[in-house]
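Worksheet: the structure to be examined is printed underneath.
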Amino acid sequence: LKLSARIILRVETDGRHPPMELLRKASFNVYETMGNRVIWSAHGADFSSVSPNTEFGTWTLAATRDTSSVATVSTFLQQGTGILPMPNGPALLEGLLAVEVQTNRCGSVRVREAPAFVRYTVKYGGPSTLDAPPTAADHEVPASEARAVAKTATDIGLASQPPEAVLQRIQSFFQEKFTYSRYLKETAYDPTGRNTALGQFLLRDRAGHCEYFA
């Protein structure tokens with residue numbers, strides 16, 4: 001995308017509120033390593049249908065949420081099916097002509113049997129409306145990454161800190177000591193298999209692209 005001039009979507013705002021910083025399509029909750037390969041996947045994220053409103057093309061995602069912010073998104077869908085880009089906290093969709101709209105616990109919104117080109121208005125506000133609370137599995141650290149994660153937690157002093165302080169320290173740590181880069185050094189050879197791309201990111205290079213920060 002960074003090397004292409006192709007327009008993949010357009011976003012319009014109402015001019016009264018600042019535009020959203022990000023649009024989200026999908027979230028993943030499982031991180032796995034296979035040698036030097038890294039795989040993100042979504043487990044337990046089955047989609048369920050949203051009941052359409054009586055007004056054609058209108059879908060309620062969160063009935064009691066503030067909808068003071070408004071954006072209109074135009075994008076293409078492959079064969080009329082796909083994940084829709086959404087701002088955080090979507091509550092109501094308008095002008096979306098489709099047979100079915102679905103959501104899942106990871107915050108994704110999927111449309112089925114829609115036109116190849118859709119233009120819909122999303123009303124949103126506040127924190128996420130679709131994400132489910134963390135489960136026990138969300139707190140697990142892969143064994144191959146445990147050493148690097150534990151050392152990082154020790155280095156920035158997370159032990160015995162309240163959740164608010166932990167979040168603040170982690171945010172400051174990445175903002176102050178890391179940089180964004182699409183060009184990464186090769187993972188150093190380690191015959192024990194303990195050196196991983198994520199471990200190298202945390203302990204040595206401190207530079208990487210979005211997947212590493214996630």
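Letters for chains follow the order of the structure tokens (A, B, ...), residue numbers begin at 1 for each chain, and ligand numbers begin at 1 in the order shown.
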Closest atom pairs, residues of region 24-112 of chain A within 12 Å of region 135-142 of chain A, only C-alpha atoms, as JSON lines:
```
{"residue": "A:Phe28", "atom": "CA", "partner": "A:Asp138", "partner_atom": "CA", "distance": 10.4}
{"residue": "A:Asn29", "atom": "CA", "partner": "A:Asp138", "partner_atom": "CA", "distance": 6.8}
{"residue": "A:Val30", "atom": "CA", "partner": "A:Asp138", "partner_atom": "CA", "distance": 7.8}
{"residue": "A:Tyr31", "atom": "CA", "partner": "A:Pro142", "partner_atom": "CA", "distance": 7.6}
{"residue": "A:Glu32", "atom": "CA", "partner": "A:Pro142", "partner_atom": "CA", "distance": 7.1}
{"residue": "A:Thr33", "atom": "CA", "partner": "A:Pro142", "partner_atom": "CA", "distance": 8.4}
{"residue": "A:Met34", "atom": "CA", "partner": "A:Pro142", "partner_atom": "CA", "distance": 11.4}
{"residue": "A:Val38", "atom": "CA", "partner": "A:Pro142", "partner_atom": "CA", "distance": 11.8}
{"residue": "A:Ala42", "atom": "CA", "partner": "A:Asp138", "partner_atom": "CA", "distance": 11.1}
{"residue": "A:His43", "atom": "CA", "partner": "A:Ala137", "partner_atom": "CA", "distance": 9.8}
{"residue": "A:Gly44", "atom": "CA", "partner": "A:Ala137", "partner_atom": "CA", "distance": 10.4}
{"residue": "A:Arg105", "atom": "CA", "partner": "A:Thr135", "partner_atom": "CA", "distance": 11.0}
{"residue": "A:Cys106", "atom": "CA", "partner": "A:Asp138", "partner_atom": "CA", "distance": 11.6}
```
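Near region 15-17 of chain A, within 12 Å and counting only C-alpha atoms, sit Val11, Glu12, Thr13, Pro19, Met20, Glu21, Thr67, Ser68, Ser69, Val70, Ala71, Thr72, Lys123, Tyr124 and Gly125 of chain A, not including residues fewer than 2 positions from it in the same chain.
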task = Could you give me, as an MDAnalysis selection string, the residues within 10 Å of Leu203 (chain A), counting only C-alpha atoms and dropping anything in the same chain fewer than 5 positions from it?
result = chainID A and resid 148:149 151:152 198
inquiry  = Residues near Ala62 (chain A), anyone? I mean within 10 Å using only C-alpha atoms, not counting same-chain ones fewer than 5 positions away, as a list of chain:residue names.
reply    =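 Non-adjacent residues within range: A:Thr67, A:Gly89, A:Pro90, A:Ala91, A:Leu92, A:Tyr124, A:Ser128, A:Thr129, A:Leu130.
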For the selection just defined, write its residues with C-alpha atoms to a file, as a short mmCIF file (atom, residue, chain, number, x, y, z; two decimals), in the first residue's frame.
```cif
data_model
loop_
_atom_site.label_atom_id
_atom_site.label_comp_id
_atom_site.auth_asym_id
_atom_site.auth_seq_id
_atom_site.Cartn_x
_atom_site.Cartn_y
_atom_site.Cartn_z
CA THR A 67 -23.37 8.41 18.74
CA GLY A 89 -16.91 2.41 19.43
CA PRO A 90 -19.30 1.86 16.49
CA ALA A 91 -22.95 2.00 17.55
CA LEU A 92 -25.12 2.47 14.46
CA TYR A 124 -19.74 6.07 17.03
CA SER A 128 -15.05 -0.11 22.01
CA THR A 129 -18.62 -1.37 21.85
CA LEU A 130 -17.97 -4.84 20.46
#
```
inquiry  = I'd like the interatomic distance between CA of Glu145 (chain A) and CA of Arg169 (chain A), to a tenth of an Å.
reply    =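 We find that CA of Glu145 (chain A) and CA of Arg169 (chain A) lie 20.0 Å from each other.
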